[in-house]
Every structure is written in structure tokens, then in C-alpha cells.
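A.B. asks: File data_17.pdb below, PDB, C-alpha atoms:
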ATOM      1  CA  MET A 222      95.322  26.890  75.801
ATOM      2  CA  PRO A 223      94.148  23.504  74.488
ATOM      3  CA  LEU A 224      95.283  20.289  76.094
ATOM      4  CA  LYS A 225      97.983  18.443  74.202
ATOM      5  CA  ASN A 226      97.077  14.806  74.841
ATOM      6  CA  THR A 227      95.036  12.525  77.068
ATOM      7  CA  THR A 228      97.816  12.213  79.658
ATOM      8  CA  ASP A 229      97.259  15.926  80.366
ATOM      9  CA  LEU A 230      93.774  14.968  81.614
ATOM     10  CA  LYS A 231      95.231  12.972  84.514
ATOM     11  CA  HIS A 232      95.128  15.876  86.988
ATOM     12  CA  ARG A 233      92.169  17.725  85.548
ATOM     13  CA  PHE A 234      88.521  17.864  86.437
ATOM     14  CA  SER A 235      85.541  18.169  84.128
ATOM     15  CA  ILE A 236      83.246  21.173  84.173
ATOM     16  CA  LYS A 237      80.552  18.886  85.588
ATOM     17  CA  GLU A 238      82.752  17.898  88.549
ATOM     18  CA  VAL A 239      83.698  21.514  89.276
ATOM     19  CA  ALA A 240      80.098  22.700  88.990
ATOM     20  CA  ARG A 241      79.016  20.015  91.443
ATOM     21  CA  GLN A 242      81.818  20.945  93.859
ATOM     22  CA  PHE A 243      80.687  24.583  94.000
ATOM     23  CA  GLU A 244      76.964  23.839  93.664
ATOM     24  CA  VAL A 245      76.576  26.014  90.565
ATOM     25  CA  ASN A 246      75.385  25.264  87.042
ATOM     26  CA  GLU A 247      77.885  24.468  84.317
ATOM     27  CA  SER A 248      76.513  27.482  82.453
ATOM     28  CA  THR A 249      77.525  29.673  85.409
ATOM     29  CA  LEU A 250      81.124  28.482  85.110
ATOM     30  CA  ARG A 251      81.115  29.103  81.354
ATOM     31  CA  TYR A 252      79.733  32.608  81.935
ATOM     32  CA  TRP A 253      82.346  33.358  84.610
ATOM     33  CA  GLU A 254      85.006  32.379  82.056
ATOM     34  CA  THR A 255      83.829  35.143  79.748
ATOM     35  CA  VAL A 256      83.501  37.741  82.520
ATOM     36  CA  PHE A 257      86.881  37.032  84.162
ATOM     37  CA  LYS A 258      88.893  36.105  81.058
ATOM     38  CA  ASP A 259      91.305  39.033  81.475
ATOM     39  CA  GLU A 260      91.899  38.516  85.198
ATOM     40  CA  ILE A 261      92.364  34.773  85.662
ATOM     41  CA  SER A 262      92.330  31.465  83.831
ATOM     42  CA  LEU A 263      89.321  29.300  84.651
ATOM     43  CA  SER A 264      89.560  26.307  82.333
ATOM     44  CA  ARG A 265      91.139  24.813  79.264
ATOM     45  CA  LYS A 266      89.603  22.924  76.410
ATOM     46  CA  ALA A 267      90.520  19.415  75.332
ATOM     47  CA  PRO A 268      90.756  18.646  71.605
ATOM     48  CA  ASN A 269      87.145  17.436  71.723
ATOM     49  CA  GLY A 270      86.032  20.842  73.084
ATOM     50  CA  ALA A 271      85.329  19.660  76.644
ATOM     51  CA  ARG A 272      86.394  22.034  79.427
ATOM     52  CA  TYR A 273      88.823  20.770  82.044
ATOM     53  CA  TYR A 274      90.103  22.460  85.183
ATOM     54  CA  THR A 275      93.460  22.155  86.921
ATOM     55  CA  GLU A 276      93.831  22.533  90.692
ATOM     56  CA  GLU A 277      95.023  26.116  90.120
ATOM     57  CA  GLU A 278      92.005  26.911  87.966
ATOM     58  CA  ILE A 279      89.698  25.394  90.583
ATOM     59  CA  GLY A 280      91.359  27.754  93.067
ATOM     60  CA  ASN A 281      90.425  30.644  90.772
ATOM     61  CA  VAL A 282      86.829  29.408  90.634
ATOM     62  CA  ARG A 283      86.896  29.180  94.440
ATOM     63  CA  LEU A 284      87.896  32.862  94.645
ATOM     64  CA  ILE A 285      85.120  33.953  92.316
ATOM     65  CA  HIS A 286      82.600  31.775  94.126
ATOM     66  CA  HIS A 287      83.692  33.275  97.451
ATOM     67  CA  LEU A 288      83.323  36.839  96.196
ATOM     68  CA  VAL A 289      80.088  36.387  94.263
ATOM     69  CA  LYS A 290      78.146  33.664  96.056
ATOM     70  CA  GLU A 291      79.401  33.960  99.637
ATOM     71  CA  ARG A 292      80.107  37.689  99.948
ATOM     72  CA  GLY A 293      77.361  38.769  97.546
ATOM     73  CA  MET A 294      79.505  40.924  95.276
ATOM     74  CA  THR A 295      78.460  41.724  91.732
ATOM     75  CA  LEU A 296      80.519  40.210  88.939
ATOM     76  CA  ASP A 297      81.931  43.648  88.129
ATOM     77  CA  GLY A 298      82.806  44.201  91.784
ATOM     78  CA  ALA A 299      84.499  40.809  91.972
ATOM     79  CA  ARG A 300      86.507  41.587  88.800
ATOM     80  CA  ARG A 301      87.719  44.867  90.284
ATOM     81  CA  LYS A 302      88.582  43.195  93.583
ATOM     82  CA  LEU A 303      90.653  40.508  91.853
ATOM     83  CA  LYS A 304      92.367  43.063  89.638
ATOM     84  CA  GLU A 305      93.164  45.545  92.416
ATOM     85  CA  ASN A 306      94.009  43.297  95.353
ATOM     86  CA  ARG A 307      94.156  39.613  94.522
ATOM     87  CA  GLU A 308      96.458  38.678  97.432
ATOM     88  CA  THR A 309      94.092  40.046 100.067
ATOM     89  CA  THR A 310      91.195  38.273  98.363
ATOM     90  CA  VAL A 311      93.108  34.977  98.393
ATOM     91  CA  ASN A 312      93.945  35.410 102.091
ATOM     92  CA  HIS A 313      90.358  36.322 102.986
ATOM     93  CA  GLU A 314      89.001  33.289 101.138
ATOM     94  CA  ALA A 315      91.507  31.002 102.892
ATOM     95  CA  VAL A 316      90.481  32.323 106.315
ATOM     96  CA  SER A 317      86.797  31.925 105.417
ATOM     97  CA  ALA A 318      87.394  28.341 104.288
ATOM     98  CA  ARG A 319      89.197  27.498 107.547
ATOM     99  CA  LEU A 320      86.421  29.068 109.620
ATOM    100  CA  GLU A 321      83.804  27.110 107.693
ATOM    101  CA  LYS A 322      85.732  23.905 108.379
ATOM    102  CA  VAL A 323      85.859  24.732 112.106
ATOM    103  CA  ARG A 324      82.116  25.486 112.065
ATOM    104  CA  ARG A 325      81.356  22.092 110.481
ATOM    105  CA  GLU A 326      83.538  20.323 113.053
ATOM    106  CA  LEU A 327      81.821  22.161 115.912
ATOM    107  CA  LEU A 328      78.415  21.165 114.550
ATOM    108  CA  LEU A 329      79.564  17.537 114.432
ATOM    109  CA  LEU A 330      80.783  17.761 118.034
ATOM    110  CA  ALA A 331      77.521  19.363 119.146
ATOM    111  CA  GLY A 332      75.585  16.545 117.476
ATOM    112  CA  ALA A 333      77.791  13.931 119.134
ATOM    113  CA  LEU A 334      77.260  15.571 122.543
ATOM    114  CA  LYS A 335      73.498  15.525 122.038
ATOM    115  CA  ASP A 336      73.690  11.830 121.155
ATOM    116  CA  ILE A 337      75.681  11.159 124.331
ATOM    117  CA  GLU A 338      73.187  13.126 126.424
ATOM    118  CA  ARG A 339      70.278  11.214 124.886
ATOM    119  CA  ALA A 340      72.013   7.902 125.538
ATOM    120  CA  GLY A 341      72.636   8.949 129.165
ATOM    121  CA  THR A 342      68.964   9.694 129.790
ATOM    122  CA  LYS A 343      67.652   6.405 128.397
ATOM    123  CA  GLY A 344      66.273   4.196 131.105
ATOM    124  CA  THR A 345      66.623   6.759 133.906
ATOM    125  CA  GLY A 346      63.432   8.618 133.221
ATOM    126  CA  HIS A 347      65.067  11.994 133.828
ATOM    127  CA  ALA A 348      67.626  14.333 132.392
ATOM    128  CA  PRO A 349      71.276  14.100 133.466
ATOM    129  CA  ARG A 350      72.326  16.124 136.503
ATOM    130  CA  GLN A 351      73.659  19.629 135.945
ATOM    131  CA  LYS A 352      77.183  20.249 137.172
ATOM    132  CA  ALA A 353      77.594  23.192 139.513
TER     133      ALA A 353
END
What does the file become when written as C-alpha cells?
C.D. replies:
Amino acid sequence: MPLKNTTDLKHRFSIKEVARQFEVNESTLRYWETVFKDEISLSRKAPNGARYYTEEEIGNVRLIHHLVKERGMTLDGARRKLKENRETTVNHEAVSARLEKVRRELLLLAGALKDIERAGTKGTGHAPRQKA
């Protein structure tokens, strides 16, 4: 469905922005549109032919990315999965996203702890004492 006017672009993202967000080529997104056209909407075209994505459409891209890039499914397998059990796929992707966020936070904490340990050993010439 084409966009009606420029005010429709207010809450939309260009194909370039979406490709960057998911670390895929723009051509990959265009190809996914053709493969998944019957299952989900991935983008809309502005009058000038540029593709724009809504938050909902970005969510659809996120599902495909999760199935294909993160879980290693084939495009055909991902199509079947979305067609047969979309709700479970959405839930699984949400859990994976939360776990990834926790993992990133834990890595940040681990880095901060290492920095604290390094700062504690400066000037003493030895490592900090181990607690029993």
C-alpha cells in the first residue's frame, strides 16, 4: 500500500535505516519482501518509490531475522514457521531478545568489575586478597 502524503513518513524508517539496524544489506530486505509477501507485510512504498517501514513492519523483519540469521533456518523453513505458528515464533523471539539484553548487561558489569579490580591493584604491587 503506497503512502498517502509526507506526514505519513513521520513514524517510518527508510530501508537504509532498517538494514543498518539488523546488519543486513538493503537487497536482503528487498528479497525477504518477495519471499514473505504472503505471510507478512515488510514495507510500503512512498510515491517516489522509496521503501519505508513502520514499527510493526520492523517487528516483522525482526522475526525473519531471528529465524533466518540467528536460528539458521532456511527461508522456506522460516515461511512455514511463520505460517503455522506465528505466536510461538513471536514469543520465542521476545525471550531471545530479553536474554540478549541481559547478556550485554552482564558483559558490561563484568568489564566494570575488571576495571575496579585493576584500579585496586595499582600501587600495591600485588593482586587483591581473595575472600574466604
A.B. asks: Counting only C-alpha atoms, what is within 7 Å of region 299-303 of chain A, bar same-chain residues fewer than 2 positions away, as a list in words?
C.D. replies: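 What passes the distance filter is Phe257, Ile285, Leu288, Val289, Met294, Thr295, Leu296, Asp297, Glu305, Asn306, Arg307 and Thr310 of chain A.
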A.B. asks: Take the residues from that selection and write them out as a compact mmCIF listing (two decimals), in the frame of the given file, keeping C-alpha atoms.
C.D. replies:
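Dumped to part-v3.txt:
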# COMPACT_ATOMS: atom_id res chain seq x y z
CA PHE A 257 86.88 37.03 84.16
CA ILE A 285 85.12 33.95 92.32
CA LEU A 288 83.32 36.84 96.20
CA VAL A 289 80.09 36.39 94.26
CA MET A 294 79.50 40.92 95.28
CA THR A 295 78.46 41.72 91.73
CA LEU A 296 80.52 40.21 88.94
CA ASP A 297 81.93 43.65 88.13
CA GLU A 305 93.16 45.54 92.42
CA ASN A 306 94.01 43.30 95.35
CA ARG A 307 94.16 39.61 94.52
CA THR A 310 91.20 38.27 98.36
A.B. asks: Quick one: distance from CA of Phe234 (chain A) to CA of Ser248 (chain A) in Å, one decimal?
C.D. replies: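 Separating CA of Phe234 (chain A) from CA of Ser248 (chain A) is a distance of 15.9 Å.
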A.B. asks: Between A:Thr249, A:Leu284, A:Ser235, A:Leu320, which one has atoms that come closest to Gly270 (chain A), using only C-alpha atoms?
C.D. replies: A:Ser235
A.B. asks: For the atom pair CA of Ser262 (chain A) and CA of Asn281 (chain A), what is the interatomic distance in Å to one decimal place?
C.D. replies: 7.2 Å
A.B. asks: Identify which of the residues A:His313, A:Lys304, A:His287, A:Arg339 lies closest to Lys258 (chain A), counting all atoms listed in the file when measuring atom-to-atom distances.
C.D. replies: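 Closest to Lys258 (chain A) of all the choices is A:Lys304.
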A.B. asks: Tell me which of A:Val323, A:Ala318, A:Ile236, A:Leu329 sits closest to Ala271 (chain A), counting only C-alpha atoms.
C.D. replies: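 Closest to Ala271 (chain A), using only C-alpha atoms: A:Ile236.
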A.B. asks: In Å to one decimal, how far is CA of Lys322 (chain A) from CA of Glu254 (chain A)?
C.D. replies: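 Here the two named atoms are 27.7 Å from each other.
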A.B. asks: Determine the nearest neighbour of Glu278 (chain A) from the options A:Glu321, A:Glu260, A:Glu244, A:Glu326, counting all atoms listed in the file.
C.D. replies: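 Nearest candidate to Glu278 (chain A) out of A:Glu321, A:Glu260, A:Glu244, A:Glu326: A:Glu260.
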A.B. asks: Using all atoms of region 317-327 of chain A that appear in the file, construct an axis-aligned enclosing box with 5 Å of padding on every side and provide its centre coordinates and edge lengths in Å, rounded to one decimal, as AutoDock Vina command-line options.
C.D. replies:
--center_x 85.3 --center_y 26.1 --center_z 110.1 --size_x 17.8 --size_y 21.6 --size_z 21.6
A.B. asks: Using the chain letters and numbering of this document, enumerate as a list in words the residues selected by the PyMOL selection byres ((chain A and resi 273) around 9).
C.D. replies: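 Here the PyMOL selection byres ((chain A and resi 273) around 9) matches Leu224, Leu230, Arg233, Phe234, Ser235, Ile236, Val239, Leu263, Ser264, Arg265, Lys266, Ala267, Ala271, Arg272, Tyr274 and Thr275 of chain A.
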A.B. asks: So that I can check the surroundings of Lys237 (chain A), please list as a CSV table (one decimal) with C-alpha atoms, in the coordinates of the input every protein, DNA and RNA residue that reaches within 8 Å of it, counting all atoms listed in the file and ignoring chain neighbours fewer than 3 positions away.
C.D. replies:
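See out.csv below for the written result:
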chain,number,residue,atom,x,y,z
A,240,ALA,CA,80.1,22.7,89.0
A,241,ARG,CA,79.0,20.0,91.4
A,247,GLU,CA,77.9,24.5,84.3
